[in-house]
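*Asks:* Pasting a structure here, questions to come.
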Amino acid sequence: MRKGFSCKDFGIVFHYYFKKEIKSKVYIIVTVLLCIVSFASCFFLNLFLGEKNKSSLYIVDRTGLFFDSLSDAEIPKDYFQGVFLDFTADKSLSDDSIVQGVKEQERSYAVFSSENGEVRLTLYDSGKVSAADAQALLNLSQTLYQRINMEQAGISPEVFENANRQILYDKVNPVQKTENFWTTYILYMLMVVAIVMYSSSSGSEVAYLKTNKVMEIVTTSIKPLPFYLGVTLSIGLSGLLQLAAIVVCFLISFQLAGMDLSRFSDMGVTLSALQPDEIAAFLLLFIGGFLLYSFVNTAIASIVNRNDDLTVTVVPVEMLAMVQFFVSIFALESDSVLSVACSYLPVTSPAVMFVRYMMGYAGGGELAVALVVLYAAALLLAICGAKFFSRGVVYYGTVKNFKLKA
């Protein structure tokens with residue numbers, strides 16, 4: 001078997017498998033479908049985030065205490081998310097009439113009643129009142145009830161306000177970039193999923209070639225290292241191009257749909273625009289992580305002789321990839337010793353270091369160190385993986401008897 005590296009061999013293998021991958025019907029169909037979904041996503045988001053017609057929440061005040069206070073209260077427009085208070089209902093409505101209105105007319109009622117000196121708020125919900133709106137109504141009613149009780153006790157509104165002053169509380173971390181939380185959360189999830197999904201494609205291709213015993217013939221004329229790198233990088237690049245096409249379609253959709261990042265605040269999600277250094281950090285960490293896991297998966301695929309074996313052996317690799325997912329969740333909130341350590345370990349550094357950098361816990365120097373370690377590990381795995389590959393492609397025994405020779 002020929003040893004060493006040949007650029008010519010690498011070019012031949014890379015061109016062949018890259019062309020084969022991007023011209024396959026499955027690749028084309030999946031890419032087109034994902035691009036269509038990506039392009040349509042912002043238009044659907046516009047419909048979802050558009051102005052919604054609020055439902056009426058009818059106020060029935062049998063106590064005579066809340067009607068005037070609620071109707072005169074200056075309630076902010078966004079205080080209730082899906083309802084508005086409607087004061088046109090007759091306060092003499094019976095419980096049976098209210099239940100009938102809920103069932104037949106799909107109306108919702110908020111009924112104030114009193115029993116044994118206790119005031120009760122009963123919500124008859126037709127399914128249109130969210131938990132947040134119900135809690136907002138209860139809080140508003142409770143505040144008004146306190147004022148009513150204070151006034152009846154002869155306490156002036158000024159004294160009431162003074163008695164109910166609250167301590168103002170702010171939590172400030174000069175290091176943490178809280179405004180990047182949701183942007184970081186979305187991007188690191190995309191990174192982990194893409195790394196796991198696309199890095200396994202190379203391993204699957206090598207396993208397919210080996211189970212068909214094609215590589216026994218190929219490696220007699222092509223050196224193992226360029227063949228190994230050619231297959232891994234060509235399949236990986238096709239996956240990255242697919243991902244890039246999806247992202248481009250989303251960006252076009254974003255522009256055409258006239259999306260505004262501030263509109264996501266209605267869902268409690270505040271997105272911040274990425275800075276050039278943050279984009280560079282994402283791309284470098286993502287590509288490094290992708291190469292690392294691609295080389296691992298390809299090397300593993302070269303030493304197994306059945307697809308069933310491949311499924312079992314890649315599970316630990318996928319588990320390692322998911323470790324960074326869970327560590328990154330904690331890194332979003334605080335910079336612990338675990339997150340710092342994982343941000344330098346090659347198998348976890350792509351997502352964890354990205355989160356730490358985006359949240360302000362890590363600076364440019366720490367990012368550079370993590371990148372050097374990550375790419376050095378990827379290079380080392382490429383060299384070691386090629387040795388496994390050169391021995392494994394012609395090996396069809398059980399995995400436990402496999403021995404790597406220098």
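For the structure tokens, the naming scheme is as follows: chains receive sequential letters (A, B, ...) according to their order of presentation, residues are indexed from 1 within each chain, and ligands are indexed from 1 in presentation order.
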Hey, which bits of region 36-105 of chain A sit within 8 Å of region 116-128 of chain A, and for each residue what's the closest pair of atoms and how far apart in Å (one decimal), counting only C-alpha atoms, rows by chain and increasing number, as a Markdown table?
*Replies:*
| residue | atom | partner | partner_atom | distance |
| --- | --- | --- | --- | --- |
| A:Ser55 | CA | A:Lys128 | CA | 6.9 |
| A:Thr63 | CA | A:Val119 | CA | 7.9 |
| A:Gly82 | CA | A:Lys128 | CA | 7.4 |
| A:Val83 | CA | A:Lys128 | CA | 7.7 |
| A:Ile98 | CA | A:Tyr124 | CA | 7.7 |
| A:Val99 | CA | A:Tyr124 | CA | 7.4 |
| A:Val102 | CA | A:Ser126 | CA | 5.5 |
| A:Lys103 | CA | A:Ser126 | CA | 7.2 |
*Asks:* May I have the residues within 12 Å of Asp95 (chain A) as number ranges by chain, using only C-alpha atoms and disregarding those fewer than 2 positions away in the same chain?
*Replies:* A: 60, 62, 90-93, 97-102, 109-113, 122-124
*Asks:* Pick from A:Leu229, A:Ile329, A:Leu243, A:Leu367: nearest to Leu379 (chain A), with only C-alpha atoms counted?
*Replies:*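 Among A:Leu229, A:Ile329, A:Leu243, A:Leu367, it is A:Leu229 that comes nearest to Leu379 (chain A).
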*Asks:* Of the residues A:Ala245, A:Leu140, A:Leu225, A:Leu338, which is the one nearest to Glu74 (chain A), using only C-alpha atoms?
*Replies:* A:Leu140
*Asks:* Would you list, as a PyMOL selection string, the residues of region 56-230 of chain A that end up in helix (DSSP H, G or I) under DSSP run on this structure's backbone?
*Replies:* chain A and resi 67-72+95-105+131-152+157-163+178-211+215-218+224-230
*Asks:* List the spatial neighbours of Gly11 (chain A) as a list in words - criterion: any atom at most 10 Å away, only C-alpha atoms, same-chain residues fewer than 3 positions off excluded.
*Replies:* Ser6, Cys7, Lys8, Phe14, His15, Tyr16, Pro226, Phe227, Leu229, Gly230 and Ser234 of chain A
*Asks:* Check the smallest atom-to-atom distance from each of A:Ala153, A:Leu70, A:Ala194, A:Leu65 to Leu291 (chain A) using only C-alpha atoms, then report the winner.
*Replies:*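 Closest candidate: A:Ala194.
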*Asks:* Find the residues around Lys54 (chain A) up to 12 Å (only C-alpha atoms counted), leave out those fewer than 6 positions away in its own chain, and share them as JSON, numbers by chain.
*Replies:* {"A": [77, 78, 79, 80, 81, 82, 83, 84, 85, 86, 108, 128, 129, 130, 133]}
*Asks:* Filtering to N, CA and C atoms, could you give me those residues as a CSV table (one decimal), in the first residue's frame?
*Replies:*
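For reference, out.csv as written:
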chain,number,residue,atom,x,y,z
A,77,LYS,N,-51.3,49.4,27.4
A,77,LYS,CA,-51.8,48.7,26.3
A,77,LYS,C,-51.4,47.2,26.3
A,78,ASP,N,-50.1,47.0,26.7
A,78,ASP,CA,-49.6,45.6,26.7
A,78,ASP,C,-49.7,44.9,28.0
A,79,TYR,N,-50.5,45.4,28.9
A,79,TYR,CA,-50.6,44.8,30.2
A,79,TYR,C,-51.2,43.4,30.1
A,80,PHE,N,-52.2,43.3,29.2
A,80,PHE,CA,-52.8,42.0,28.9
A,80,PHE,C,-52.4,41.6,27.5
A,81,GLN,N,-52.0,40.4,27.4
A,81,GLN,CA,-51.4,39.9,26.1
A,81,GLN,C,-52.5,39.5,25.1
A,82,GLY,N,-53.5,38.8,25.6
A,82,GLY,CA,-54.5,38.3,24.6
A,82,GLY,C,-56.0,38.7,24.9
A,83,VAL,N,-56.2,39.5,25.9
A,83,VAL,CA,-57.6,39.9,26.2
A,83,VAL,C,-57.6,41.4,26.6
A,84,PHE,N,-58.8,42.0,26.5
A,84,PHE,CA,-59.0,43.3,27.1
A,84,PHE,C,-60.3,43.3,27.9
A,85,LEU,N,-60.4,44.2,28.9
A,85,LEU,CA,-61.5,44.2,29.8
A,85,LEU,C,-62.7,44.8,29.2
A,86,ASP,N,-63.8,44.1,29.2
A,86,ASP,CA,-65.1,44.5,28.6
A,86,ASP,C,-66.1,44.7,29.8
A,108,SER,N,-65.6,34.8,27.9
A,108,SER,CA,-64.8,34.6,29.1
A,108,SER,C,-65.3,35.7,30.1
A,128,LYS,N,-59.6,31.2,26.1
A,128,LYS,CA,-58.9,32.4,25.5
A,128,LYS,C,-58.1,33.2,26.4
A,129,VAL,N,-58.1,32.9,27.7
A,129,VAL,CA,-57.4,33.6,28.7
A,129,VAL,C,-56.1,32.8,29.1
A,130,SER,N,-55.0,33.4,28.8
A,130,SER,CA,-53.7,32.7,29.2
A,130,SER,C,-53.5,32.8,30.7
A,133,ASP,N,-52.3,36.3,31.6
A,133,ASP,CA,-53.4,37.3,31.7
A,133,ASP,C,-54.2,37.1,32.9
